[in-house]
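**Student:** So here's coords28.txt, just compact mmCIF, C-alpha atoms:
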# COMPACT_ATOMS: atom_id res chain seq x y z
CA MET A 1 -23.80 6.84 -14.59
CA ASP A 2 -24.54 8.57 -11.32
CA ASN A 3 -27.45 11.01 -11.63
CA LEU A 4 -26.95 12.53 -8.18
CA ALA A 5 -26.58 16.31 -8.21
CA VAL A 6 -23.23 16.68 -6.53
CA PRO A 7 -21.48 20.08 -6.61
CA ALA A 8 -18.07 20.20 -8.29
CA VAL A 9 -15.12 19.85 -5.94
CA ARG A 10 -13.52 23.16 -6.88
CA GLN A 11 -16.79 25.01 -6.29
CA THR A 12 -17.10 23.78 -2.70
CA GLY A 13 -13.58 24.88 -1.81
CA SER A 14 -13.02 21.58 -0.01
CA ASN A 15 -9.89 19.44 -0.21
CA PRO A 16 -10.96 15.82 -0.79
CA TRP A 17 -7.37 14.56 -0.58
CA ALA A 18 -6.92 16.07 2.90
CA GLN A 19 -10.33 14.81 4.01
CA LEU A 20 -9.57 11.24 2.94
CA GLN A 21 -6.22 11.37 4.76
CA THR A 22 -8.10 11.57 8.04
CA VAL A 23 -10.27 8.52 7.35
CA PHE A 24 -9.41 5.57 9.59
CA VAL A 25 -10.71 2.05 9.01
CA ALA A 26 -9.41 -0.40 11.60
CA HIS A 27 -7.75 -3.68 10.72
CA PRO A 28 -10.03 -6.53 11.93
CA MET A 29 -7.42 -7.49 14.53
CA PHE A 30 -7.09 -3.97 16.01
CA ASP A 31 -9.43 -4.54 18.94
CA GLU A 32 -7.99 -7.99 19.67
CA ILE A 33 -4.43 -6.64 19.70
CA LEU A 34 -5.37 -3.67 21.87
CA GLU A 35 -6.99 -6.03 24.38
CA GLU A 36 -3.98 -8.36 24.37
CA VAL A 37 -1.60 -5.47 25.00
CA GLU A 38 -3.77 -4.26 27.88
CA ASP A 39 -3.87 -7.78 29.34
CA VAL A 40 -0.06 -8.04 29.27
CA LEU A 41 0.44 -4.57 30.78
CA ALA A 42 -1.96 -5.51 33.60
CA LEU A 43 0.47 -8.28 34.63
CA TYR A 44 3.13 -5.76 35.70
CA GLY A 45 4.32 -6.47 39.23
CA SER A 46 2.59 -9.85 39.47
CA ALA A 47 5.63 -11.89 38.37
CA HIS A 48 9.35 -11.47 37.85
CA ASP A 49 9.32 -12.01 34.09
CA VAL A 50 6.10 -10.70 32.57
CA PRO A 51 5.64 -11.69 28.90
CA CYS A 52 6.59 -9.49 25.95
CA LEU A 53 4.81 -9.15 22.61
CA GLN A 54 5.86 -8.88 18.98
CA ILE A 55 3.37 -7.65 16.38
CA THR A 56 4.39 -8.12 12.76
CA GLY A 57 2.98 -7.17 9.40
CA GLU A 58 4.04 -5.90 6.01
CA THR A 59 4.30 -2.25 5.03
CA GLY A 60 0.93 -0.49 4.87
CA ILE A 61 -0.96 -3.03 6.98
CA GLY A 62 -1.57 -0.54 9.82
CA LYS A 63 1.25 -1.08 12.34
CA THR A 64 2.09 2.61 12.75
CA THR A 65 -1.60 3.43 13.13
CA LEU A 66 -1.78 0.77 15.83
CA PHE A 67 1.29 2.37 17.46
CA GLU A 68 -0.46 5.75 17.57
CA LYS A 69 -3.69 4.23 18.92
CA LEU A 70 -1.81 2.49 21.71
CA ARG A 71 0.13 5.62 22.59
CA ALA A 72 -3.11 7.62 22.74
CA ARG A 73 -4.71 4.98 24.97
CA PHE A 74 -1.95 5.41 27.57
CA PRO A 75 -1.26 9.17 27.61
CA VAL A 76 1.66 10.80 29.38
CA VAL A 77 0.73 12.86 32.46
CA PRO A 78 3.24 15.71 32.96
CA ASN A 79 4.70 15.79 36.47
CA GLY A 80 2.30 13.02 37.43
CA ARG A 81 4.66 11.01 39.64
CA ARG A 82 6.65 11.72 42.82
CA THR A 83 9.36 9.27 43.87
CA ILE A 84 11.73 9.23 46.85
CA LEU A 85 15.24 8.38 45.66
CA PRO A 86 17.66 6.22 47.73
CA SER A 87 19.43 9.47 48.64
CA GLY A 88 16.24 10.70 50.30
CA LEU A 89 15.56 13.38 47.69
CA GLU A 90 12.15 13.61 46.05
CA MET A 91 12.02 13.23 42.26
CA VAL A 92 9.11 14.65 40.27
CA ALA A 93 8.65 12.91 36.90
CA ASP A 94 6.07 12.51 34.17
CA HIS A 95 3.75 9.53 34.49
CA VAL A 96 4.57 7.43 31.40
CA PRO A 97 2.60 4.17 31.70
CA LEU A 98 3.50 3.15 28.14
CA LEU A 99 6.89 4.33 26.89
CA ALA A 100 6.45 4.65 23.11
CA PHE A 101 9.21 5.48 20.65
CA GLU A 102 10.53 4.54 17.22
CA MET A 103 13.59 2.32 16.84
CA PRO A 104 16.49 4.63 15.88
CA SER A 105 17.85 4.32 12.35
CA ARG A 106 21.11 3.25 14.00
CA PRO A 107 19.81 0.46 16.23
CA ARG A 108 22.52 0.25 18.86
CA VAL A 109 22.33 0.29 22.64
CA ILE A 110 23.31 3.94 23.13
CA PRO A 111 20.87 5.42 20.55
CA VAL A 112 18.06 3.21 21.92
CA ALA A 113 18.83 4.25 25.51
CA LYS A 114 18.82 7.93 24.49
CA ALA A 115 15.51 7.52 22.64
CA MET A 116 14.01 5.95 25.77
CA LEU A 117 15.29 8.70 28.06
CA LYS A 118 14.00 11.41 25.72
CA ALA A 119 10.54 9.83 25.71
CA LEU A 120 10.69 9.51 29.50
CA GLY A 121 11.36 13.24 29.89
CA ASP A 122 15.00 13.18 30.97
CA PRO A 123 16.31 16.72 30.26
CA PHE A 124 19.81 15.28 29.81
CA TRP A 125 18.76 12.40 27.54
CA ASN A 126 21.57 13.11 25.05
CA LYS A 127 24.40 13.11 27.60
CA GLY A 128 26.41 10.40 29.32
CA ARG A 129 28.29 7.18 28.64
CA ARG A 130 26.58 3.85 28.13
CA GLU A 131 26.77 2.93 31.82
CA ASP A 132 25.29 6.29 32.87
CA LEU A 133 22.50 6.02 30.34
CA GLU A 134 21.68 2.51 31.51
CA VAL A 135 21.39 3.57 35.17
CA ARG A 136 19.16 6.50 34.23
CA VAL A 137 16.92 4.34 32.04
CA ASP A 138 16.26 1.98 34.95
CA LEU A 139 15.72 4.93 37.31
CA TYR A 140 13.29 6.74 35.01
CA LEU A 141 11.31 3.60 34.17
CA LYS A 142 10.58 3.17 37.85
CA ALA A 143 10.06 6.86 38.62
CA CYS A 144 7.68 7.31 35.66
CA GLY A 145 5.56 4.29 36.59
CA THR A 146 6.23 2.63 33.25
CA VAL A 147 4.70 -0.82 32.78
CA GLY A 148 5.34 -1.31 29.06
CA ILE A 149 7.76 -0.25 26.34
CA LEU A 150 6.33 0.07 22.81
CA ILE A 151 8.86 0.17 19.95
CA ASP A 152 7.79 0.90 16.37
CA GLU A 153 9.95 -0.04 13.34
CA ALA A 154 11.74 -2.68 15.44
CA GLN A 155 12.83 -4.54 12.28
CA ARG A 156 15.58 -1.91 11.83
CA ALA A 157 17.71 -4.09 14.09
CA VAL A 158 17.58 -6.83 11.43
CA ASP A 159 18.75 -6.35 7.84
CA ARG A 160 16.82 -7.49 4.76
CA ASN A 161 18.69 -10.80 4.75
CA GLY A 162 17.52 -11.63 8.26
CA VAL A 163 20.88 -10.83 9.88
CA LEU A 164 20.85 -9.16 13.29
CA THR A 165 22.83 -5.93 12.97
CA ALA A 166 23.25 -5.26 16.70
CA ALA A 167 23.86 -8.48 18.61
CA ASP A 168 24.33 -6.82 22.00
CA LEU A 169 21.00 -5.01 21.73
CA ILE A 170 18.97 -8.12 22.56
CA ASP A 171 21.15 -8.76 25.62
CA TRP A 172 20.62 -5.17 26.73
CA ILE A 173 16.85 -5.41 26.24
CA LYS A 174 16.85 -8.74 28.08
CA THR A 175 18.56 -7.09 31.06
CA ARG A 176 16.12 -4.15 31.06
CA HIS A 177 13.24 -6.61 31.03
CA SER A 178 14.64 -8.47 34.03
CA VAL A 179 15.62 -5.38 36.03
CA SER A 180 12.54 -3.23 35.43
CA GLY A 181 9.87 -5.93 35.05
CA VAL A 182 8.22 -4.06 32.17
CA SER A 183 6.86 -5.69 29.02
CA PHE A 184 8.47 -4.92 25.66
CA ILE A 185 6.00 -4.66 22.77
CA MET A 186 7.65 -4.51 19.37
CA LEU A 187 6.04 -3.58 16.07
CA GLY A 188 7.76 -4.29 12.76
CA LEU A 189 8.08 -6.15 9.49
CA PRO A 190 8.07 -9.97 9.61
CA ARG A 191 11.88 -10.17 9.57
CA MET A 192 11.78 -8.69 13.08
CA ARG A 193 11.14 -12.24 14.35
CA VAL A 194 14.89 -12.84 14.12
CA LEU A 195 15.27 -10.59 17.17
CA VAL A 196 13.32 -13.08 19.28
CA GLU A 197 14.58 -16.28 17.68
CA GLU A 198 18.22 -15.27 18.08
CA ASP A 199 18.58 -16.30 21.70
CA SER A 200 16.69 -19.08 23.53
CA GLN A 201 16.73 -17.12 26.82
CA PHE A 202 15.40 -14.11 24.96
CA GLU A 203 12.79 -16.16 23.08
CA ARG A 204 11.19 -17.62 26.21
CA ARG A 205 10.26 -14.12 27.37
CA TRP A 206 7.98 -13.55 24.37
CA ASP A 207 4.45 -14.69 23.65
CA SER A 208 3.73 -16.06 20.18
CA ASP A 209 4.02 -13.60 17.32
CA ILE A 210 0.84 -11.64 16.58
CA PRO A 211 0.65 -11.28 12.79
CA MET A 212 -1.35 -8.50 11.14
CA ASN A 213 -2.07 -10.29 7.89
CA PRO A 214 -3.38 -8.73 4.67
CA TYR A 215 -6.93 -9.49 3.64
CA ASP A 216 -7.21 -12.65 1.55
CA TRP A 217 -9.47 -12.91 -1.51
CA GLY A 218 -9.60 -16.69 -1.51
CA PRO A 219 -10.77 -18.91 -4.40
CA ASP A 220 -13.55 -17.66 -6.64
CA GLY A 221 -16.79 -19.52 -6.15
CA ASN A 222 -20.16 -19.47 -4.50
CA GLU A 223 -18.78 -19.53 -0.94
CA GLU A 224 -17.35 -16.15 0.03
CA PRO A 225 -14.36 -16.47 2.41
CA GLU A 226 -14.64 -14.43 5.60
CA SER A 227 -11.51 -12.43 4.75
CA ARG A 228 -13.03 -11.38 1.41
CA ALA A 229 -16.15 -10.22 3.20
CA TYR A 230 -13.96 -8.13 5.53
CA PHE A 231 -12.16 -6.63 2.53
CA ILE A 232 -15.43 -5.71 0.82
CA GLY A 233 -16.56 -4.17 4.09
CA LEU A 234 -13.35 -2.13 4.09
CA LEU A 235 -14.11 -0.92 0.56
CA ALA A 236 -17.65 0.03 1.58
CA ALA A 237 -16.31 2.02 4.53
CA PHE A 238 -13.96 4.00 2.29
CA ARG A 239 -16.73 4.50 -0.27
CA ASP A 240 -19.05 5.91 2.39
CA ALA A 241 -16.31 8.22 3.71
CA SER A 242 -15.09 9.38 0.30
CA PRO A 243 -15.37 13.17 -0.14
CA ILE A 244 -16.05 12.57 -3.85
CA PRO A 245 -18.88 10.02 -4.26
CA PHE A 246 -18.29 6.79 -6.15
CA ALA A 247 -20.12 6.38 -9.46
CA ARG A 248 -22.85 3.74 -9.55
CA GLU A 249 -20.73 1.62 -11.88
CA VAL A 250 -18.10 1.39 -9.12
CA ASP A 251 -20.25 -0.89 -6.99
CA VAL A 252 -17.76 -2.17 -4.42
CA LEU A 253 -20.31 -4.69 -3.10
CA ASP A 254 -20.06 -6.51 -6.43
CA ASP A 255 -17.28 -9.13 -6.28
CA ARG A 256 -16.25 -8.37 -9.86
CA VAL A 257 -15.64 -4.71 -8.95
CA ALA A 258 -14.17 -5.42 -5.51
CA LYS A 259 -11.64 -7.80 -7.08
CA ARG A 260 -10.21 -4.91 -9.11
CA PHE A 261 -9.48 -3.06 -5.87
CA PHE A 262 -8.02 -6.22 -4.36
CA TYR A 263 -5.67 -6.55 -7.32
CA VAL A 264 -4.32 -3.06 -6.58
CA SER A 265 -4.11 -3.42 -2.81
CA ARG A 266 -3.19 -7.12 -2.42
CA GLY A 267 -5.30 -6.92 0.69
CA VAL A 268 -3.16 -4.17 2.28
CA ILE A 269 -4.99 -1.10 3.60
CA GLY A 270 -2.08 1.24 2.84
CA ARG A 271 -2.04 0.36 -0.85
CA LEU A 272 -5.80 0.75 -1.14
CA LYS A 273 -5.65 4.18 0.49
CA LYS A 274 -2.78 5.16 -1.81
CA LEU A 275 -5.02 4.48 -4.83
CA LEU A 276 -7.97 6.38 -3.38
CA LEU A 277 -5.84 9.37 -2.38
CA MET A 278 -4.51 9.60 -5.93
CA ALA A 279 -8.10 9.32 -7.20
CA MET A 280 -8.95 12.36 -5.05
CA ARG A 281 -6.06 14.29 -6.63
CA VAL A 282 -7.16 13.29 -10.14
CA GLY A 283 -10.70 14.41 -9.32
CA MET A 284 -9.52 17.72 -7.88
CA ARG A 285 -7.81 18.66 -11.15
CA SER A 286 -11.10 18.85 -13.00
CA ALA A 287 -14.00 21.10 -12.12
CA GLU A 288 -16.21 18.63 -14.00
CA THR A 289 -15.47 15.72 -11.67
CA LYS A 290 -18.55 14.81 -9.68
CA HIS A 291 -17.79 11.19 -8.86
CA ILE A 292 -15.04 8.55 -8.83
CA ASP A 293 -15.58 6.42 -11.92
CA PHE A 294 -13.48 3.80 -13.71
CA PRO A 295 -11.60 6.32 -15.91
CA THR A 296 -10.64 8.26 -12.76
CA LEU A 297 -9.44 5.08 -11.05
CA GLU A 298 -7.55 4.03 -14.19
CA LYS A 299 -5.61 7.32 -14.16
CA ALA A 300 -5.07 7.07 -10.41
CA PHE A 301 -3.57 3.58 -10.68
CA ASP A 302 -1.19 4.61 -13.47
CA ARG A 303 0.09 7.56 -11.42
CA ALA A 304 0.20 5.92 -7.99
CA PHE A 305 1.82 2.62 -8.99
CA ARG A 306 4.30 3.46 -11.75
CA LYS A 307 7.11 1.46 -10.13
CA ASP A 308 4.90 -1.55 -9.52
CA LYS A 309 3.84 -1.58 -13.16
CA ALA A 310 7.44 -1.36 -14.34
CA PHE A 311 9.05 -3.91 -11.99
CA GLU A 312 6.22 -6.38 -11.44
CA LYS A 313 4.48 -6.14 -14.81
CA LEU A 314 1.12 -5.33 -13.28
CA VAL A 315 -1.83 -4.50 -15.50
CA ASN A 316 -4.25 -1.71 -14.73
CA PRO A 317 -7.34 -3.43 -13.25
CA PHE A 318 -9.51 -0.47 -14.19
CA GLY A 319 -8.46 -0.58 -17.83
CA PRO A 320 -9.20 -2.92 -20.77
CA GLU A 321 -6.13 -5.17 -20.15
CA TRP A 322 -7.40 -6.68 -16.92
CA ARG A 323 -8.87 -10.19 -17.23
CA GLY A 324 -10.03 -10.79 -13.67
CA GLN A 325 -6.78 -12.32 -12.39
CA LEU A 326 -5.48 -12.13 -8.83
CA PRO A 327 -2.34 -10.07 -8.15
CA PRO A 328 1.16 -11.60 -8.00
CA LYS A 329 2.85 -11.88 -4.63
CA PRO A 330 4.81 -8.77 -3.61
CA ARG A 331 8.48 -8.96 -4.59
CA ASP A 332 9.64 -8.64 -0.96
CA GLU A 333 7.79 -11.84 0.01
CA GLU A 334 9.76 -13.78 -2.57
CA LEU A 335 13.14 -12.81 -1.07
CA PRO A 336 14.33 -15.60 1.25
CA LEU A 337 15.61 -14.57 4.64
CA ARG A 338 18.97 -15.99 5.62
CA LYS A 339 19.64 -17.29 9.09
CA SER A 340 21.30 -14.80 11.38
CA ARG A 341 25.08 -14.88 11.59
CA ARG A 342 25.11 -16.03 15.19
CA ARG A 343 22.75 -18.93 14.50
CA ALA A 344 24.55 -19.81 11.27
CA ASN A 345 27.85 -19.88 13.14
CA GLN A 346 26.34 -22.12 15.81
CA VAL A 347 25.20 -24.54 13.10
CA LYS A 348 28.69 -24.54 11.57
CA LEU A 349 30.21 -25.16 15.01
CA ARG A 350 27.90 -28.12 15.67
CA ARG A 351 28.76 -29.58 12.28
CA ALA A 352 32.47 -29.14 12.94
CA GLU A 353 32.15 -30.82 16.35
CA ARG A 354 30.20 -33.69 14.78
CA ASN A 355 32.81 -34.13 12.06
CA MET A 356 35.57 -34.22 14.67
CA ALA A 357 33.67 -36.82 16.68
CA VAL A 358 33.10 -38.97 13.59
CA THR A 359 36.75 -38.70 12.65
CA ALA A 360 37.81 -39.68 16.18
CA ALA A 361 35.41 -42.63 16.19
CA LEU A 362 36.67 -43.85 12.83
CA THR A 363 40.27 -43.52 13.99
CA LYS A 364 39.57 -45.62 17.08
CA THR A 365 37.73 -48.20 14.99
CA GLY A 366 40.64 -48.47 12.59
What is this file in structure tokens?
**Tutor:**
Amino acid sequence: MDNLAVPAVRQTGSNPWAQLQTVFVAHPMFDEILEEVEDVLALYGSAHDVPCLQITGETGIGKTTLFEKLRARFPVVPNGRRTILPSGLEMVADHVPLLAFEMPSRPRVIPVAKAMLKALGDPFWNKGRREDLEVRVDLYLKACGTVGILIDEAQRAVDRNGVLTAADLIDWIKTRHSVSGVSFIMLGLPRMRVLVEEDSQFERRWDSDIPMNPYDWGPDGNEEPESRAYFIGLLAAFRDASPIPFAREVDVLDDRVAKRFFYVSRGVIGRLKKLLLMAMRVGMRSAETKHIDFPTLEKAFDRAFRKDKAFEKLVNPFGPEWRGQLPPKPRDEELPLRKSRRRANQVKLRRAERNMAVTAALTKTG
């Protein structure tokens, strides 16, 4: 047990749950992705079709955090641009180098155009027909000095079966890319790739997908995989930042202990933080809690992952049932994605044409 003299949480008046909420531990690819985005944005104006980027990863991997980091790196400057319109009038607009917004829950052209105009500072963003909105989007992108468009939750344009729900949206985005010369950077779940794969002309505009993968434990043995080392480093970072100290028995540098946390998180930062946040809440309920020990983590897992236990038959890795096994794959990963309707119809059409050609050939032969 930990013999450190640590004051009880309730006596300090602090809020460990709120403190842990503010802790940020970057995904190993954060810096690489930030650099790649900056490299692409620097190409603005140097070619007609600058490349676009898609960044994919499962829920909790850190995509929204990346979105916020990118938005903060390219801040909006109010009234930072002056532009002379074709009419000769001067237009004062915000300088918006990176237009950042979330894909609307109804991913159609008009809601997307309105979301863009709102983020660009158009006071009349909610007014106008599709054609009017389109003209104003192109005008504001130029007037605001925008070089990139960052869209979070882009997978909303694709349903869970991999079917594109707004076919004309990709054509509209393709036109905006050609007219404005800005790069589109989309963040979303892996099924978002259907957006790019749907159209060959659309696909050629995009660089290869940048995946934000979960940490991987790898096979048990003497050789520690690099990804496991990164995961243990992540655990150590959270341990050091924890408002309630970890008990000595919870030695996250020990593979046998770290594997318990991996079982909970499946290598996803969001799931790990969910466990630790619940552990803070469990600790806050007792004035006697001086450290995060295995009983605290056992209670935290039961409360934070009730649904997972019920639907995926998970065991509590901090309780007596755990036997050192790795976690099962998440249920979502086991759901096959269907081909999009447009592509499926194209396949059917090619098959029909082939069948007609074979029939014609056989008829002539006969």
**Student:** CA of Val40 (chain A) to CA of Asp207 (chain A): how many Å, to one decimal?
**Tutor:**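 Taking CA of Val40 (chain A) as the start and CA of Asp207 (chain A) as the end point, the length is 9.8 Å.
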**Student:** Centre and edge lengths, as JSON, for the axis-aligned box enclosing every listed atom of region 217-223 of chain A with 4 Å of padding on each of the six sides, in Å to one decimal?
**Tutor:**
{"center_x": -14.8, "center_y": -16.2, "center_z": -3.8, "size_x": 18.7, "size_y": 14.6, "size_z": 13.7}
**Student:** For Ala300 (chain A), find every residue with an atom within 10 Å (counting only C-alpha atoms), except residues of its own chain fewer than 3 positions away, and show them as a list in words.
**Tutor:**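 Counting only C-alpha atoms, the residues come to Lys274, Leu275, Leu276, Leu277, Met278, Ala279, Met280, Arg281, Val282, Gly283, Phe294, Pro295, Thr296, Leu297, Arg303, Ala304, Phe305, Asn316 and Phe318 of chain A.
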**Student:** Go through A:Gly181, A:Gly145, A:Gly45, A:Gly233 and flag the residue nearest Tyr215 (chain A), using only C-alpha atoms for the distances.
**Tutor:** A:Gly233
**Student:** Measuring atom to atom with all atoms listed in the file, identify which of A:Asp216, A:Asp209, A:Asp171, A:Asp132 is nearest to Leu326 (chain A).
**Tutor:**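 Going through A:Asp216, A:Asp209, A:Asp171, A:Asp132 one by one, the smallest distance to Leu326 (chain A) is for A:Asp216.
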**Student:** Quote the spacing between CA of Thr65 (chain A) and CA of Ile269 (chain A) in Å to one decimal place.
**Tutor:**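 It comes out at 11.1 Å.
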**Student:** Quick one: which region 42-160 of chain A residues come within 12 Å of region 27-35 of chain A, and what is the nearest atom pair for each with the distance in Å to one decimal, counting only C-alpha atoms, rows ordered by chain and ascending number, as a tab-separated table?
**Tutor:**
residue	atom	partner	partner_atom	distance
A:Ala42	CA	A:Glu35	CA	10.5
A:Leu53	CA	A:Ile33	CA	10.0
A:Gln54	CA	A:Ile33	CA	10.6
A:Ile55	CA	A:Ile33	CA	8.5
A:Thr56	CA	A:Ile33	CA	11.3
A:Gly57	CA	A:His27	CA	11.4
A:Gly60	CA	A:His27	CA	10.9
A:Ile61	CA	A:His27	CA	7.8
A:Gly62	CA	A:His27	CA	7.0
A:Lys63	CA	A:His27	CA	9.5
A:Thr64	CA	A:Phe30	CA	11.8
A:Thr65	CA	A:Phe30	CA	9.7
A:Leu66	CA	A:Phe30	CA	7.1
A:Phe67	CA	A:Leu34	CA	10.0
A:Glu68	CA	A:Leu34	CA	11.5
A:Lys69	CA	A:Leu34	CA	8.6
A:Leu70	CA	A:Leu34	CA	7.1
A:Arg71	CA	A:Leu34	CA	10.8
A:Ala72	CA	A:Leu34	CA	11.5
A:Arg73	CA	A:Leu34	CA	9.2
A:Phe74	CA	A:Leu34	CA	11.3
